[in-house]
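*Asks:* Got a file for you: work.pdb, PDB, C-alpha atoms.
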ATOM      1  CA  THR A  13      39.372 104.922  58.459
ATOM      2  CA  THR A  14      38.271 103.896  55.031
ATOM      3  CA  ALA A  15      39.938 101.440  52.714
ATOM      4  CA  ARG A  16      39.345  99.842  49.362
ATOM      5  CA  SER A  17      37.551  96.541  49.410
ATOM      6  CA  SER A  18      39.090  93.424  48.006
ATOM      7  CA  GLY A  19      37.629  90.637  45.953
ATOM      8  CA  ALA A  20      35.336  90.548  42.952
ATOM      9  CA  GLY A  21      33.660  93.769  41.902
ATOM     10  CA  GLY A  22      35.551  95.025  38.909
ATOM     11  CA  GLN A  23      36.250  98.726  38.592
ATOM     12  CA  ASN A  24      34.063  99.593  41.633
ATOM     13  CA  VAL A  25      36.513  97.786  43.941
ATOM     14  CA  ASN A  26      39.439  99.756  42.563
ATOM     15  CA  LYS A  27      37.987 103.272  42.709
ATOM     16  CA  VAL A  28      35.506 103.368  45.653
ATOM     17  CA  GLU A  29      36.648 103.196  49.276
ATOM     18  CA  SER A  30      33.716 101.335  50.821
ATOM     19  CA  ALA A  31      35.527  99.217  53.425
ATOM     20  CA  ILE A  32      35.760 100.447  57.034
ATOM     21  CA  ASP A  33      38.698  99.822  59.375
ATOM     22  CA  LEU A  34      37.900 100.602  63.036
ATOM     23  CA  PHE A  35      40.430 100.473  65.855
ATOM     24  CA  HIS A  36      39.256 100.826  69.461
ATOM     25  CA  ILE A  37      42.331 102.140  71.270
ATOM     26  CA  PRO A  38      41.397 101.384  74.945
ATOM     27  CA  SER A  39      40.702  97.706  74.277
ATOM     28  CA  GLY A  40      42.922  97.177  71.232
ATOM     29  CA  ILE A  41      40.067  95.683  69.179
ATOM     30  CA  ARG A  42      40.337  96.084  65.405
ATOM     31  CA  ILE A  43      37.299  95.674  63.146
ATOM     32  CA  PHE A  44      37.598  95.542  59.365
ATOM     33  CA  CYS A  45      34.272  95.453  57.544
ATOM     34  CA  GLN A  46      33.736  95.162  53.774
ATOM     35  CA  GLN A  47      30.496  93.212  53.649
ATOM     36  CA  GLY A  48      28.304  95.758  51.883
ATOM     37  CA  ARG A  49      28.832  97.919  48.805
ATOM     38  CA  SER A  50      28.029 101.119  50.692
ATOM     39  CA  GLN A  51      30.513 102.822  52.985
ATOM     40  CA  LEU A  52      27.685 103.949  55.300
ATOM     41  CA  HIS A  53      26.331 100.402  55.557
ATOM     42  CA  ASN A  54      29.808  99.025  56.313
ATOM     43  CA  LYS A  55      30.356 101.732  58.920
ATOM     44  CA  GLU A  56      27.111 100.843  60.699
ATOM     45  CA  LEU A  57      28.006  97.157  60.615
ATOM     46  CA  ALA A  58      31.514  97.820  61.948
ATOM     47  CA  PHE A  59      30.213  99.918  64.857
ATOM     48  CA  GLN A  60      27.621  97.248  65.642
ATOM     49  CA  MET A  61      30.317  94.556  65.645
ATOM     50  CA  LEU A  62      32.512  96.732  67.899
ATOM     51  CA  ARG A  63      29.643  97.327  70.327
ATOM     52  CA  ASN A  64      28.952  93.585  70.477
ATOM     53  CA  LYS A  65      32.596  92.746  71.170
ATOM     54  CA  LEU A  66      32.897  95.412  73.872
ATOM     55  CA  TYR A  67      29.662  94.195  75.466
ATOM     56  CA  ASP A  68      30.922  90.600  75.430
ATOM     57  CA  LEU A  69      34.200  91.669  77.049
ATOM     58  CA  GLN A  70      32.371  93.596  79.759
ATOM     59  CA  LEU A  71      29.948  90.725  80.349
ATOM     60  CA  GLU A  72      32.799  88.204  80.634
ATOM     61  CA  GLU A  73      34.633  90.454  83.087
ATOM     62  CA  GLN A  74      31.484  90.786  85.179
ATOM     63  CA  ARG A  75      30.932  86.992  85.145
ATOM     64  CA  ALA A  76      34.512  86.364  86.233
ATOM     65  CA  ASN A  77      34.160  88.902  89.031
ATOM     66  CA  ASN A  78      30.909  87.324  90.237
ATOM     67  CA  ALA A  79      32.445  83.853  90.079
ATOM     68  CA  ALA A  80      35.422  85.011  92.165
ATOM     69  CA  ILE A  81      33.122  86.554  94.771
ATOM     70  CA  ARG A  82      30.986  83.412  94.879
ATOM     71  CA  GLN A  83      34.040  81.178  95.193
ATOM     72  CA  SER A  84      35.397  83.248  98.070
ATOM     73  CA  GLN A  85      32.063  82.912  99.878
ATOM     74  CA  VAL A  86      31.614  79.200  99.286
ATOM     75  CA  GLY A  87      35.199  78.011  99.673
ATOM     76  CA  THR A  88      36.355  74.503  98.886
ATOM     77  CA  GLY A  89      34.233  72.681 101.440
ATOM     78  CA  SER A  90      37.190  70.884 102.934
ATOM     79  CA  ARG A  91      37.241  69.862 106.562
ATOM     80  CA  SER A  92      39.717  72.612 107.470
ATOM     81  CA  GLU A  93      37.124  75.236 106.509
ATOM     82  CA  LYS A  94      34.754  74.399 109.337
ATOM     83  CA  ILE A  95      32.421  77.124 110.463
ATOM     84  CA  ARG A  96      31.368  76.039 113.942
ATOM     85  CA  THR A  97      32.342  73.451 116.529
ATOM     86  CA  TYR A  98      29.932  72.321 119.232
ATOM     87  CA  ASN A  99      31.819  71.204 122.324
ATOM     88  CA  TRP A 100      29.322  69.318 124.467
ATOM     89  CA  LYS A 101      31.760  68.491 127.238
ATOM     90  CA  ASP A 102      32.692  72.131 127.919
ATOM     91  CA  GLY A 103      29.259  73.525 127.008
ATOM     92  CA  ARG A 104      30.450  75.950 124.352
ATOM     93  CA  CYS A 105      30.000  76.656 120.679
ATOM     94  CA  SER A 106      33.067  77.970 118.844
ATOM     95  CA  ASP A 107      32.585  79.994 115.686
ATOM     96  CA  HIS A 108      35.797  79.714 113.642
ATOM     97  CA  ARG A 109      34.971  82.605 111.296
ATOM     98  CA  LEU A 110      34.646  85.001 114.228
ATOM     99  CA  ASN A 111      37.201  83.313 116.507
ATOM    100  CA  LYS A 112      34.727  83.560 119.401
ATOM    101  CA  ASN A 113      33.094  81.156 121.815
ATOM    102  CA  PHE A 114      29.433  81.249 122.773
ATOM    103  CA  PRO A 115      27.465  79.310 125.434
ATOM    104  CA  LEU A 116      26.093  76.081 123.967
ATOM    105  CA  GLN A 117      22.767  76.263 125.797
ATOM    106  CA  THR A 118      21.848  79.528 124.103
ATOM    107  CA  PHE A 119      22.260  77.877 120.682
ATOM    108  CA  LEU A 120      20.286  74.835 121.685
ATOM    109  CA  GLY A 121      17.540  77.172 122.908
ATOM    110  CA  GLY A 122      17.415  78.865 119.504
ATOM    111  CA  GLU A 123      18.899  82.180 120.555
ATOM    112  CA  VAL A 124      21.228  82.791 117.594
ATOM    113  CA  GLU A 125      20.726  86.545 117.281
ATOM    114  CA  THR A 126      24.075  87.319 118.947
ATOM    115  CA  ILE A 127      26.102  85.287 116.468
ATOM    116  CA  ILE A 128      24.131  86.698 113.538
ATOM    117  CA  GLN A 129      24.889  90.244 114.672
ATOM    118  CA  GLU A 130      28.576  89.349 115.084
ATOM    119  CA  CYS A 131      28.682  87.907 111.541
ATOM    120  CA  ILE A 132      26.995  91.018 110.102
ATOM    121  CA  PHE A 133      29.433  93.263 111.967
ATOM    122  CA  LYS A 134      32.448  91.304 110.703
ATOM    123  CA  ASP A 135      31.115  91.359 107.132
ATOM    124  CA  GLN A 136      30.629  95.131 107.282
ATOM    125  CA  GLN A 137      34.168  95.571 108.611
ATOM    126  CA  GLU A 138      35.577  93.508 105.731
ATOM    127  CA  LYS A 139      33.613  95.540 103.169
ATOM    128  CA  LEU A 140      34.834  98.809 104.675
ATOM    129  CA  LYS A 141      38.396  97.502 104.594
ATOM    130  CA  GLU A 142      38.030  96.583 100.909
ATOM    131  CA  MET A 143      36.652 100.053 100.135
ATOM    132  CA  VAL A 144      39.567 101.727 101.890
ATOM    133  CA  GLU A 145      42.094  99.531 100.079
ATOM    134  CA  SER A 146      40.496 100.172  96.684
ATOM    135  CA  ASP A 147      40.734 103.963  97.111
TER     136      ASP A 147
END
Show me the file's structure as structure tokens.
*Replies:*
Amino acid sequence: TTARSSGAGGQNVNKVESAIDLFHIPSGIRIFCQQGRSQLHNKELAFQMLRNKLYDLQLEEQRANNAAIRQSQVGTGSRSEKIRTYNWKDGRCSDHRLNKNFPLQTFLGGEVETIIQECIFKDQQEKLKEMVESD
């Protein structure tokens, strides 16, 4: 909508509606612009300011989402979040993320393809579960 500007300007301020008042309903952002003497100039400035604010909101939301995903992957690093235990006495390697045991000699020999495939499979299952829950 348009409005009359305030401040110095004499009769022009009283008779010309050059200020712009924008209200973006979905986000609730209100922009009031009276910087220029032209209504068209103020309208362009107001839309530019609105675009910048909406972009900043979207960027902040995306950063927060990425930070949450990163934090869930990294964890706190405490001792209770251990990934693998190597039990030399029993000759096994326990992966705590998968809740499975593997022969220790295969790991010492460098054959880790089985555990990698298990991790990929579990990750895919979790992603599918998230997709189902989001729908």
*Asks:* For the file shown, what are the residues hit by the PyMOL selection byres ((chain A and resi 119) around 12), laid out as a list in words?
*Replies:* Arg96, Thr97, Tyr98, Asn99, Trp100, Gly103, Arg104, Cys105, Ser106, Asp107, Asn113, Phe114, Pro115, Leu116, Gln117, Thr118, Leu120, Gly121, Gly122, Glu123, Val124, Glu125, Thr126, Ile127 and Ile128 of chain A
*Asks:* Quick one, how far is atom CA of His53 of chain A from atom CA of Ile32 of chain A?
*Replies:*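 Computed distance, atom CA of His53 of chain A to atom CA of Ile32 of chain A, equals 9.5 Å.
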*Asks:* The PyMOL selection byres ((chain A and resi 61) around 12) - which residues does that actually catch in the file I just gave you? List them as an mmCIF file with C-alpha atoms, in the coordinates of the input.
*Replies:*
data_model
loop_
_atom_site.group_PDB
_atom_site.id
_atom_site.type_symbol
_atom_site.label_atom_id
_atom_site.label_comp_id
_atom_site.auth_asym_id
_atom_site.auth_seq_id
_atom_site.Cartn_x
_atom_site.Cartn_y
_atom_site.Cartn_z
ATOM 1 C CA ILE A 32 35.760 100.447 57.034
ATOM 2 C CA ASP A 33 38.698 99.822 59.375
ATOM 3 C CA LEU A 34 37.900 100.602 63.036
ATOM 4 C CA PHE A 35 40.430 100.473 65.855
ATOM 5 C CA HIS A 36 39.256 100.826 69.461
ATOM 6 C CA ILE A 41 40.067 95.683 69.179
ATOM 7 C CA ARG A 42 40.337 96.084 65.405
ATOM 8 C CA ILE A 43 37.299 95.674 63.146
ATOM 9 C CA PHE A 44 37.598 95.542 59.365
ATOM 10 C CA CYS A 45 34.272 95.453 57.544
ATOM 11 C CA ASN A 54 29.808 99.025 56.313
ATOM 12 C CA LYS A 55 30.356 101.732 58.920
ATOM 13 C CA GLU A 56 27.111 100.843 60.699
ATOM 14 C CA LEU A 57 28.006 97.157 60.615
ATOM 15 C CA ALA A 58 31.514 97.820 61.948
ATOM 16 C CA PHE A 59 30.213 99.918 64.857
ATOM 17 C CA GLN A 60 27.621 97.248 65.642
ATOM 18 C CA LEU A 62 32.512 96.732 67.899
ATOM 19 C CA ARG A 63 29.643 97.327 70.327
ATOM 20 C CA ASN A 64 28.952 93.585 70.477
ATOM 21 C CA LYS A 65 32.596 92.746 71.170
ATOM 22 C CA LEU A 66 32.897 95.412 73.872
ATOM 23 C CA TYR A 67 29.662 94.195 75.466
ATOM 24 C CA ASP A 68 30.922 90.600 75.430
#
*Asks:* Using Å and a single decimal, report how far atom CA of Ile81 of chain A sits from atom CA of Glu142 of chain A.
*Replies:*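 Separating atom CA of Glu142 of chain A from atom CA of Ile81 of chain A is a distance of 12.7 Å.
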*Asks:* Provide the atom CA of Ser39 of chain A to atom CA of Gln70 of chain A distance in Å, to one decimal place.
*Replies:* 10.8 Å
